[in-house]
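Colleague: Have a look at the structure that comes next, please.
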Amino acid sequence: MTEATDLDVREGVDRETVEAVQNMGSYKYGWNTEIEMDYAPKGVNEDIVRLISAKNKEPEWMTEWRLEAYRRWVTMTEPKWAMLNYPVIDYQDQYYYARPKSMEEKPKSLDEVDPKLLATYDKLGIPLREQMILAGVEGAENAPAEGRKVAVDAVFDSVSLGTTFQDELAKAGVIFCSISEAIREHPELVKKYLGTVVPQSDNYFATLNSAVFSDGSFVYIPPGVKCPMELSTYFRINAENTGQFERTLIIADKGASVSYLEGCTAPKRDTTQLHAAVVELVILEDAEIKYSTVQNWFPGDENGKGGIYNFVTKRADCREARAKVMWTQVETGSAITWKYPSCILRGDESQGEFYSIAIANNWQQADTGTKMVHLGKNTRSRIVSKGISAGQAQNTYRGLVSMHPRATNSRNYTQCDSLLIGDKCGAHTVPYIEVKNNSSRVEHEATTSKVDDDQLFYCRSRGMDEEEAVALVVNGFCREVLQALPMEFAMEAQALVAISLEGSVG
Amino acid sequence: MSDLAVKPIDEVTPQVSGPPKAADALEARLAALDLPRDGFAVAARVDALARLRAMGLPAPRDEYWRYTDPRPFNAPEAQALPIVGGPESPLFAARDTLTLVFVDGVFDAAASDDPALDGVEITSLADAGAGHWAEDLYGTLEAAGQSPVRRPFAVLNTAAARDGLLIRVTGTPSKPVHVLHRRGTDAADAVWHHVIRVEAGAELTLLESGTIGARSNGVIEADLAPGAKLHHIAAKRANDPKVGLSHLFARVLDEASLKSFTLAVNGRQMRHEAVIDMVGDDAVAHVAAAVMGDGHVGPFHHDDTVFITHAGLRGESRQVFKKVLRNGATGVFQGKILVKQGAQKTDGYQISQALLLDEASQFLAKPELEIYADDVKCSHGSTTGAIDDEALFYLRSRGVPRDRAIVFLVLSFLADALAEVEDESLRDEINERLDAWLTDQPLN
């Protein structure tokens with residue numbers, strides 16, 4: 001965020017909102033880092049799968065696991081049920097592996113990483129130095145005085161550059177490293193949990209990911225441990241025509257808890273790029289994972305050119321009693337979003353929550369939502385989805401709430417609100433509600449509206465211009481979700497909400 | 001639609017793109033039917049057959065058949081389902097109506113009233129010849145209702161229906177038109193197709209009651225001119241085992257109003273589809289149903305599938321669906337409001353609720369919104385749950401016996417759907433009948 005010292009901030013208006021509106025230029029993260037890259041040849045086949053596995057120095061069982069997925073994938077067809085319109089993807093016209101040349105020999109610590117790469121993250125505002133950071137954003141006055149620590153795993157195209165605070169985390173018994181490192185260093189954990197939440201054959205994009213994932217993050221929180229700091233992965237797609245396929249696996253053992261943040265950006269390019277990630281969360285008895293995402297991949301330009309095609313499978317398995325998961329997502333980027341972070345509430349009294357803001361502007365299309373599958377008794381879930389459409393964009397909430405016969409005395413509450421800005425965009429709601437026992441209670445509500453004229457009039461009468469007023473109203477519309485984010489993310493998200501709506505008014 | 005050159009049906013070449021097995025299933029289904037080959041609307045029938053061959057029958061994995069098994073409707077022959085239970089006087093029997101009797105989907109003129117009535121012109125489809133006013137309309141609303149979702153059984157109906165009513169309303173008839181169904185044989189496979197044209201400013205109340213075939217496929221195409229009104233109330237006899245499909249296709253022009261209400265009590269497997277295109281400005285469409293299913297009376301699966309399209313300005317639509325389910329009964333609701341670009345000031349409302357009286361019953365819902373206009377008010381809600389213990393406790397503490405208290409609670413749950421019946425005396429009659437059914441078949 002640029003300095004806004006010369007801004008005239010009026011009483012009663014969030015400084016962040018004003019700054020965000022001032023900042024409305026274009027996609028902030030659209031620059032590209034000039035760096036020498038190693039590519040695998042274009043396309044995907046068994047040799048490429050073997051090559052990726054070899055590059056990551058994987059054991060044979062992992063190579064076989066990938067090949068099994070690949071062989072499955074070639075028999076599958078791309079799903080077409082989402083309300084998304086995009087040209088046919090040529091899966092053979094993508095690079096499946098791209099690595100900065102300087103990363104050929106994995107640096108022993110972040111100090112050895114090519115400064116150009118580190119500068120990329122610096123420019124993105126991601127702290128890779130093990131410094132005490134004060135919440136990153138101005139206005140974080142509620143943060144503890146000594147600052148908060150966030151450990152970061154930085155993924156650049158196909159490889160992880162490094163992970164901060166590993167020593168300190170190790171003292172607490174927490175494992176936080178790249179998934180490629182985990183496959184080498186902690187094979188027993190990876191073998192035990194990988195693919196148990198999202199199986200290799202789960203869906204077209206997840207199966208492709210299982211075959212070609214290049215890196216991603218791995219987290220293991222041992223029994224009874226409250227992770228001493230927030231963990232974060234920052235994904236950056238830099239190389240052109242490159243698909244990014246990251247795989248994240250987080251395990252919270254009995255009684256453990258962790259808050260995990262994920263951020264994503266990519267340079268501005270005329271051509272579209274593919275991103276197909278898989279995130280698996282395993283939550284055991286009394287454990288808790290809070291997973292927050294600010295997805296800000298390049299959305300394409302105002303004419304719908306370029307942008308990331310984002311096909312993501314995220315699923316949490318509340319495997320044992322009283323396990324708890326909370327997904328919070330702010331989806332502002334990507335030309336195409338296909339993403340349904342889900343909760344399998346298997347353990348009795350387990351809980352799943354899903355808070356989402358999805359903003360689609362210009363020619364963006366988002367089809368996103370969640371699945372709450374209630375299998376255990378006394379399970380609870382809550383869905384709050386806020387969809388905002390502007391420009392020519394299409395925004396769809398798609399969700400499933402399923403109460404199985406055994407999931408007695410369970411509860412679900414779903415609220416899906418859509419806001420339309422302009423008369424050329426679309427807002428859609430496609431919920432599936434399947435209730436197979438009568439002691440559970442399921443409630444679903446959805447509304448669609450436009451930015452309220454009275455609210456706008458009020459803001460205008462206080463001297464705001466129309467864009468400021470809309471940003472303020474939209475932030476109000478999203479507040480339930482913004483409140484669910486960790487504070488530094490909430491600040492960023494609030495600013496993003498305004499930036500994403502740039503040019504949507506008038 | 002009728003650009004297609006009229007060819008005898010035998011010359012239309014099958015064009016099936018699906019796997020041969022599916023094509024065989026459709027051909028077997030068609031072979032079991034006696035398709036009309038000439039006379040009224042033959043061009044529309046030829047066109048329908050070609051469309052059906054292009055789309056095929058639904059497979060159990062089709063998204064639109066996610067919650068209802070299409071196989072009983074795909075089978076070439078209807079399964080015999082003898083009527084159980086004693087006689088029951090049909091609803092609306094005591095009213096002054098113009099009663100038209102259908103036996104297994106075939107109009108029975110001898111058992112019916114004289115169809116002559118001021119303000120309405122009625123011909124049976126079987127009697128209509130080429131050049132009848134309804135010929136241009138027959139199949140057109142059905143064909144328009146095939147996008148974006150295909151409804152093959154309605155296409156099959158257009159191709160195969162031999163009877164039905166062609167009703168042209170020019171004024172406000174003094175009494176409702178009442179279609180009374182009777183079952184002739186246990187394995188009756190009844191197919192009927194009504195075409196209703198309500199002219200500008202005219203108004204009709206259409207009642208349906210009685211016992212339909214063991215398997216049935218009924219289509220109503222209703223074309224409402226500006227300012228026209230159609231009240232449609234369907235209440236088939238309770239407890240008759242049947243597998244049935246019905247489609248209501250309606251086109252609603254400026255300031256016209258369509259209100260359709262269905263009452264269903266038990267009956268095996270039913271699916272009602274309403275496809276309403278609100279093309280005019282200030283159009284109104286209300287669709288509602290009150291459904292009670294008890295798995296002990298017989299298997300029960302009831303599906304309401306609604307698709308309302310707002311294309312005009314200031315349209316108002318309401319969908320109110322209430323289902324009371326017990327003993328392994330299944331209720332399904334798939335409802336959609338589509339607001340097209342430019343359909344500003346639309347007011348769309350949709351509620352689907354289920355009251356599950358035991359652990360074995362289930363409710364499966366897919367309430368959808370698809371909105372391309374910004375100045376609209378659209379909302380939907382869906383809830384599923386059991387009888388409210390506090391309400392029950394309150395009634396009991398006031399001295400109401402448990403059985404009676406449950407009847408009260410069920411009736412009050414259904415009341416919002418019944419409120420969609422505009423005519424108070426009709427509403428009261430339905431409510432009394434519901435009360436009587438609930439009292440005869442205690443819920444606990």
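In the structure tokens, chains take letters A, B, ... by order of appearance, with residues numbered from 1 within each chain and ligands from 1 in the order shown.
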Might you pull out every residue within 10 Å of Glu135 (chain B), with only C-alpha atoms counted and same-chain residues fewer than 2 positions away left off, and present them as a VMD selection string?
Modeller: chain B and resid 40 to 44 125 128 to 133 137 to 140 166 195
Colleague: Save the residues we just selected, N, CA and C atoms, as an mmCIF file, in the first residue's frame?
Modeller:
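Now in again_36.cif:
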```
data_model
loop_
_atom_site.group_PDB
_atom_site.id
_atom_site.type_symbol
_atom_site.label_atom_id
_atom_site.label_comp_id
_atom_site.auth_asym_id
_atom_site.auth_seq_id
_atom_site.Cartn_x
_atom_site.Cartn_y
_atom_site.Cartn_z
ATOM 1 N N PHE B 40 -54.704 -33.351 -35.940
ATOM 2 C CA PHE B 40 -54.348 -32.146 -35.195
ATOM 3 C C PHE B 40 -52.847 -32.070 -34.858
ATOM 4 N N ALA B 41 -52.257 -30.951 -35.166
ATOM 5 C CA ALA B 41 -50.880 -30.615 -34.757
ATOM 6 C C ALA B 41 -49.845 -31.663 -35.143
ATOM 7 N N VAL B 42 -50.004 -32.278 -36.283
ATOM 8 C CA VAL B 42 -49.061 -33.344 -36.644
ATOM 9 C C VAL B 42 -47.640 -32.785 -36.823
ATOM 10 N N ALA B 43 -47.542 -31.543 -37.295
ATOM 11 C CA ALA B 43 -46.205 -30.954 -37.482
ATOM 12 C C ALA B 43 -45.487 -30.838 -36.137
ATOM 13 N N ALA B 44 -46.214 -30.403 -35.116
ATOM 14 C CA ALA B 44 -45.618 -30.261 -33.783
ATOM 15 C C ALA B 44 -45.213 -31.624 -33.239
ATOM 16 N N LEU B 125 -58.919 -32.546 -27.286
ATOM 17 C CA LEU B 125 -57.823 -32.635 -28.254
ATOM 18 C C LEU B 125 -58.132 -33.701 -29.309
ATOM 19 N N ALA B 128 -60.287 -32.334 -31.991
ATOM 20 C CA ALA B 128 -59.834 -31.151 -32.734
ATOM 21 C C ALA B 128 -59.268 -31.571 -34.080
ATOM 22 N N GLY B 129 -59.653 -30.858 -35.095
ATOM 23 C CA GLY B 129 -59.131 -31.174 -36.422
ATOM 24 C C GLY B 129 -58.032 -30.212 -36.803
ATOM 25 N N ALA B 130 -57.465 -30.441 -37.969
ATOM 26 C CA ALA B 130 -56.452 -29.520 -38.482
ATOM 27 C C ALA B 130 -57.080 -28.148 -38.631
ATOM 28 N N GLY B 131 -56.317 -27.114 -38.362
ATOM 29 C CA GLY B 131 -56.832 -25.750 -38.484
ATOM 30 C C GLY B 131 -57.464 -25.218 -37.209
ATOM 31 N N HIS B 132 -57.533 -26.030 -36.163
ATOM 32 C CA HIS B 132 -58.052 -25.569 -34.868
ATOM 33 C C HIS B 132 -57.153 -24.454 -34.333
ATOM 34 N N TRP B 133 -57.729 -23.495 -33.577
ATOM 35 C CA TRP B 133 -56.933 -22.363 -33.086
ATOM 36 C C TRP B 133 -55.714 -22.809 -32.270
ATOM 37 N N LEU B 137 -50.355 -23.289 -31.174
ATOM 38 C CA LEU B 137 -49.816 -23.163 -29.820
ATOM 39 C C LEU B 137 -49.298 -24.515 -29.309
ATOM 40 N N TYR B 138 -49.940 -25.592 -29.746
ATOM 41 C CA TYR B 138 -49.621 -26.928 -29.241
ATOM 42 C C TYR B 138 -48.119 -27.222 -29.391
ATOM 43 N N GLY B 139 -47.474 -27.490 -28.296
ATOM 44 C CA GLY B 139 -46.049 -27.848 -28.326
ATOM 45 C C GLY B 139 -45.092 -26.665 -28.313
ATOM 46 N N THR B 140 -45.592 -25.439 -28.536
ATOM 47 C CA THR B 140 -44.640 -24.322 -28.629
ATOM 48 C C THR B 140 -44.091 -23.924 -27.266
ATOM 49 N N LEU B 166 -58.533 -28.326 -25.063
ATOM 50 C CA LEU B 166 -58.076 -27.094 -25.701
ATOM 51 C C LEU B 166 -59.042 -26.018 -25.227
ATOM 52 N N VAL B 195 -54.114 -27.454 -23.657
ATOM 53 C CA VAL B 195 -53.620 -26.156 -24.129
ATOM 54 C C VAL B 195 -54.635 -25.113 -23.683
#
```
Colleague: Contacts between chain A and chain B, please, where a residue of chain B counts if it comes within 10 Å (with only C-alpha atoms); show its shortest atom pair and distance in Å to one decimal, rows by chain and ascending number, as a Markdown table.
Modeller:
```
| residue | atom | partner | partner_atom | distance |
| --- | --- | --- | --- | --- |
| B:Glu63 | CA | A:Trp81 | CA | 9.0 |
| B:Tyr67 | CA | A:Glu434 | CA | 9.6 |
| B:Leu325 | CA | A:Asn438 | CA | 9.7 |
| B:Arg326 | CA | A:Asn438 | CA | 9.5 |
| B:Gly328 | CA | A:Lys436 | CA | 9.5 |
| B:Thr330 | CA | A:Lys436 | CA | 9.0 |
| B:Gly331 | CA | A:Val435 | CA | 9.9 |
| B:Val332 | CA | A:Glu434 | CA | 9.2 |
| B:Phe333 | CA | A:Ile433 | CA | 9.5 |
| B:Gln334 | CA | A:Tyr432 | CA | 9.1 |
| B:Gly335 | CA | A:Val430 | CA | 10.0 |
| B:Lys336 | CA | A:Val430 | CA | 8.9 |
| B:Ile337 | CA | A:His428 | CA | 9.6 |
| B:Leu338 | CA | A:His428 | CA | 8.9 |
| B:Val339 | CA | A:Gly426 | CA | 9.3 |
| B:Lys340 | CA | A:Gly426 | CA | 9.2 |
| B:Gln341 | CA | A:Lys424 | CA | 7.0 |
| B:Gly342 | CA | A:Asp423 | CA | 7.4 |
| B:Ala343 | CA | A:Asp423 | CA | 9.7 |
| B:Gln344 | CA | A:Asp423 | CA | 8.8 |
| B:Gly348 | CA | A:Thr448 | CA | 9.7 |
| B:Tyr349 | CA | A:Thr447 | CA | 9.4 |
| B:Gln350 | CA | A:Ala446 | CA | 9.7 |
| B:Ile351 | CA | A:Glu445 | CA | 9.2 |
| B:Ser352 | CA | A:His444 | CA | 9.7 |
| B:Gln353 | CA | A:Glu443 | CA | 9.3 |
| B:Ala354 | CA | A:Val435 | CA | 9.5 |
| B:Leu355 | CA | A:Asn438 | CA | 8.1 |
| B:Leu356 | CA | A:Asn438 | CA | 5.2 |
| B:Leu357 | CA | A:Asn438 | CA | 6.8 |
| B:Asp358 | CA | A:Asn438 | CA | 5.7 |
| B:Glu359 | CA | A:Asn437 | CA | 4.6 |
| B:Ala360 | CA | A:Asn437 | CA | 6.2 |
| B:Ser361 | CA | A:Lys436 | CA | 6.3 |
| B:Gln362 | CA | A:Lys436 | CA | 4.4 |
| B:Phe363 | CA | A:Val435 | CA | 5.2 |
| B:Leu364 | CA | A:Glu434 | CA | 4.4 |
| B:Ala365 | CA | A:Ile433 | CA | 4.9 |
| B:Lys366 | CA | A:Tyr432 | CA | 4.6 |
| B:Pro367 | CA | A:Pro431 | CA | 6.2 |
| B:Glu368 | CA | A:Val430 | CA | 4.8 |
| B:Leu369 | CA | A:Thr429 | CA | 4.8 |
| B:Glu370 | CA | A:His428 | CA | 4.3 |
| B:Ile371 | CA | A:Ala427 | CA | 5.1 |
| B:Tyr372 | CA | A:Gly426 | CA | 4.2 |
| B:Ala373 | CA | A:Asp423 | CA | 5.1 |
| B:Asp374 | CA | A:Asp423 | CA | 5.1 |
| B:Asp375 | CA | A:Lys450 | CA | 5.9 |
| B:Val376 | CA | A:Ser449 | CA | 6.1 |
| B:Lys377 | CA | A:Ser449 | CA | 5.7 |
| B:Cys378 | CA | A:Thr448 | CA | 5.2 |
| B:Ser379 | CA | A:Thr447 | CA | 4.2 |
| B:His380 | CA | A:Ala446 | CA | 5.2 |
| B:Gly381 | CA | A:Glu445 | CA | 4.4 |
| B:Ser382 | CA | A:His444 | CA | 5.0 |
| B:Thr383 | CA | A:Glu443 | CA | 4.5 |
| B:Thr384 | CA | A:Val442 | CA | 5.2 |
| B:Gly385 | CA | A:Arg441 | CA | 4.8 |
| B:Ala386 | CA | A:Asn438 | CA | 5.4 |
| B:Ile387 | CA | A:Asn438 | CA | 8.9 |
```
Colleague: If you run DSSP on the backbone, which residues of region 137-376 of chain B are helix (DSSP H, G or I), as a list in words?
Modeller: Thr140, Leu141, Glu142, Ala143, Ala144, Pro152, Phe153, Ala154, Val155, Leu156, Asn157, Thr158, Ala159 and Ala160 of chain B
Colleague: Which parts of region 233-434 of chain B does DSSP call strand (DSSP E or B) when run on the backbone here, written out as a PyMOL selection string?
Modeller: chain B and resi 233-236+242-252+257-265+268-278+284-294+300-310+316-326+330-339+347-356+362-371+377-385
Colleague: For Ser102 (chain A), work out the shell of residues within 8 Å, counting only C-alpha atoms and skipping chain neighbours fewer than 3 positions away, then give it as a PyMOL selection string.
Modeller: chain A and resi 36+105+113-114
Colleague: Which polymer residues have any atom within 9 Å of an atom of region 101-106 of chain B, counting only C-alpha atoms, with same-chain residues fewer than 6 positions away left out, as a ChimeraX atom specification?
Modeller: /B:112-113,126,161-164,178-185,188-193,211-214,216-218
Colleague: May I have the residues from that selection written out with N, CA and C atoms, as a tab-separated table (two decimals), in the first residue's frame?
Modeller:
```tsv
chain	number	residue	atom	x	y	z
B	112	SER	N	-69.35	-36.33	-18.79
B	112	SER	CA	-69.01	-34.93	-18.48
B	112	SER	C	-70.20	-34.01	-18.66
B	113	ASP	N	-70.05	-32.79	-18.12
B	113	ASP	CA	-71.04	-31.75	-18.37
B	113	ASP	C	-70.93	-31.29	-19.82
B	126	ALA	N	-58.75	-34.81	-28.86
B	126	ALA	CA	-59.05	-35.91	-29.79
B	126	ALA	C	-60.04	-35.46	-30.87
B	161	ALA	N	-49.40	-37.51	-26.92
B	161	ALA	CA	-50.72	-37.29	-26.30
B	161	ALA	C	-51.83	-37.39	-27.34
B	162	ARG	N	-52.84	-38.18	-27.01
B	162	ARG	CA	-53.99	-38.34	-27.92
B	162	ARG	C	-55.18	-37.52	-27.44
B	163	ASP	N	-55.14	-37.13	-26.15
B	163	ASP	CA	-56.30	-36.39	-25.67
B	163	ASP	C	-55.88	-35.32	-24.69
B	164	GLY	N	-56.86	-34.51	-24.30
B	164	GLY	CA	-56.60	-33.36	-23.45
B	164	GLY	C	-57.66	-32.34	-23.75
B	178	HIS	N	-63.57	-27.92	-14.17
B	178	HIS	CA	-63.09	-28.95	-13.23
B	178	HIS	C	-62.76	-30.23	-14.02
B	179	VAL	N	-61.49	-30.58	-14.04
B	179	VAL	CA	-61.09	-31.82	-14.71
B	179	VAL	C	-61.08	-32.93	-13.66
B	180	LEU	N	-61.96	-33.89	-13.85
B	180	LEU	CA	-62.07	-34.98	-12.88
B	180	LEU	C	-61.50	-36.25	-13.50
B	181	HIS	N	-60.42	-36.76	-12.87
B	181	HIS	CA	-59.76	-37.95	-13.42
B	181	HIS	C	-60.33	-39.22	-12.80
B	182	ARG	N	-60.42	-40.26	-13.61
B	182	ARG	CA	-60.79	-41.59	-13.10
B	182	ARG	C	-59.82	-42.62	-13.66
B	183	ARG	N	-59.60	-43.65	-12.87
B	183	ARG	CA	-58.72	-44.71	-13.37
B	183	ARG	C	-59.58	-45.84	-13.89
B	184	GLY	N	-59.31	-46.28	-15.11
B	184	GLY	CA	-60.08	-47.36	-15.72
B	184	GLY	C	-59.46	-48.71	-15.43
B	185	THR	N	-58.17	-48.85	-15.70
B	185	THR	CA	-57.51	-50.14	-15.48
B	185	THR	C	-56.31	-49.96	-14.55
B	188	ALA	N	-53.03	-48.54	-16.14
B	188	ALA	CA	-53.27	-47.47	-17.10
B	188	ALA	C	-52.05	-46.56	-17.21
B	189	ASP	N	-51.67	-46.26	-18.43
B	189	ASP	CA	-50.54	-45.37	-18.71
B	189	ASP	C	-51.16	-44.13	-19.36
B	190	ALA	N	-51.55	-43.18	-18.52
B	190	ALA	CA	-52.35	-42.06	-19.03
B	190	ALA	C	-51.47	-40.91	-19.51
B	191	VAL	N	-51.77	-40.41	-20.68
B	191	VAL	CA	-51.03	-39.26	-21.24
B	191	VAL	C	-52.06	-38.23	-21.69
B	192	TRP	N	-51.96	-37.02	-21.19
B	192	TRP	CA	-52.88	-35.99	-21.67
B	192	TRP	C	-52.14	-34.67	-21.82
B	193	HIS	N	-52.68	-33.80	-22.62
B	193	HIS	CA	-52.01	-32.54	-22.95
B	193	HIS	C	-53.08	-31.46	-23.11
B	211	THR	N	-58.62	-39.55	-9.54
B	211	THR	CA	-57.58	-40.58	-9.56
B	211	THR	C	-56.99	-40.69	-10.95
B	212	ILE	N	-55.69	-40.44	-11.04
B	212	ILE	CA	-55.04	-40.52	-12.34
B	212	ILE	C	-54.52	-41.93	-12.57
B	213	GLY	N	-53.94	-42.17	-13.73
B	213	GLY	CA	-53.46	-43.51	-14.08
B	213	GLY	C	-52.37	-44.01	-13.16
B	214	ALA	N	-52.13	-45.34	-13.22
B	214	ALA	CA	-51.04	-45.94	-12.45
B	214	ALA	C	-49.74	-45.25	-12.83
B	216	SER	N	-48.70	-41.75	-15.18
B	216	SER	CA	-49.32	-40.66	-15.93
B	216	SER	C	-48.28	-39.67	-16.38
B	217	ASN	N	-48.61	-38.97	-17.44
B	217	ASN	CA	-47.75	-37.94	-18.00
B	217	ASN	C	-48.67	-36.85	-18.52
B	218	GLY	N	-48.80	-35.79	-17.73
B	218	GLY	CA	-49.73	-34.72	-18.11
B	218	GLY	C	-48.97	-33.44	-18.41
```
Colleague: Of the candidates A:Gly387, A:Gly255, A:Gly307, A:Pro87, which one gets nearest to Thr271 (chain A) if we count only C-alpha atoms?
Modeller: A:Gly307
Colleague: Take CA of Pro148 (chain B) and CA of Phe205 (chain A) and report the distance between them in Å, one decimal.
Modeller: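 Result for CA of Pro148 (chain B) versus CA of Phe205 (chain A): 26.1 Å, one decimal.
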Colleague: Give me the residues near region 171-173 of chain B as a PyMOL selection string, where near means some atom within 12 Å (using only C-alpha atoms) and where sequence neighbours in that chain fewer than 6 positions away do not count.
Modeller: chain B and resi 96-98+115-122+197-206+227-231
Colleague: Just the residues within 12 Å of Trp31 (chain A), please, counting only C-alpha atoms, with nothing from its chain fewer than 2 positions along; format it as a list in words.
Modeller: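 Close residues of Trp31 (chain A): Ser26, Tyr27, Lys28, Tyr29, Thr33, Glu34, Thr120, Tyr121, Lys123, Leu124, Arg236, Ile237, Asn238, Ala239, Thr265, Ala266, Pro267, Lys268, Arg269 and Phe298 of chain A.
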Colleague: Write a file of the selected residues as a PDB file, in the first residue's frame, keeping C-alpha atoms.
Modeller:
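Result saved to selection_26.pdb:
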```pdb
ATOM      1  CA  SER A  26      -4.667  -1.511 -11.436  1.00  0.00           C
ATOM      2  CA  TYR A  27      -3.550  -4.907 -10.277  1.00  0.00           C
ATOM      3  CA  LYS A  28      -0.689  -4.081  -7.913  1.00  0.00           C
ATOM      4  CA  TYR A  29       1.164  -7.337  -8.211  1.00  0.00           C
ATOM      5  CA  THR A  33      10.728 -10.877 -11.934  1.00  0.00           C
ATOM      6  CA  GLU A  34      13.359 -11.297 -14.653  1.00  0.00           C
ATOM      7  CA  THR A 120      10.263 -10.399  -5.232  1.00  0.00           C
ATOM      8  CA  TYR A 121       8.741 -11.261  -1.899  1.00  0.00           C
ATOM      9  CA  LYS A 123       8.149  -6.164  -3.116  1.00  0.00           C
ATOM     10  CA  LEU A 124       5.032  -8.189  -2.401  1.00  0.00           C
ATOM     11  CA  ARG A 236       3.877 -16.629  -6.594  1.00  0.00           C
ATOM     12  CA  ILE A 237       3.444 -17.661 -10.212  1.00  0.00           C
ATOM     13  CA  ASN A 238       6.161 -15.878 -12.176  1.00  0.00           C
ATOM     14  CA  ALA A 239       7.080 -17.879 -15.253  1.00  0.00           C
ATOM     15  CA  THR A 265      -0.239 -13.376  -6.746  1.00  0.00           C
ATOM     16  CA  ALA A 266       0.950 -13.565 -10.330  1.00  0.00           C
ATOM     17  CA  PRO A 267       2.285 -11.155 -12.969  1.00  0.00           C
ATOM     18  CA  LYS A 268       0.072  -9.525 -15.547  1.00  0.00           C
ATOM     19  CA  ARG A 269       0.203 -11.406 -18.809  1.00  0.00           C
ATOM     20  CA  PHE A 298      -3.944 -11.899 -11.688  1.00  0.00           C
TER      21      PHE A 298
END
```
Colleague: Which residue gives the smallest distance to Leu49 (chain B) among B:Pro72, B:Gly399, B:Gly244, B:Pro36, with only C-alpha atoms counted?
Modeller: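 Closest candidate: B:Pro36.
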Colleague: Between CA of Thr158 (chain B) and CA of Pro82 (chain B), what is the distance in Å, rounded to a tenth?
Modeller: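 Taking CA of Thr158 (chain B) as the start and CA of Pro82 (chain B) as the end point, the length is 27.3 Å.
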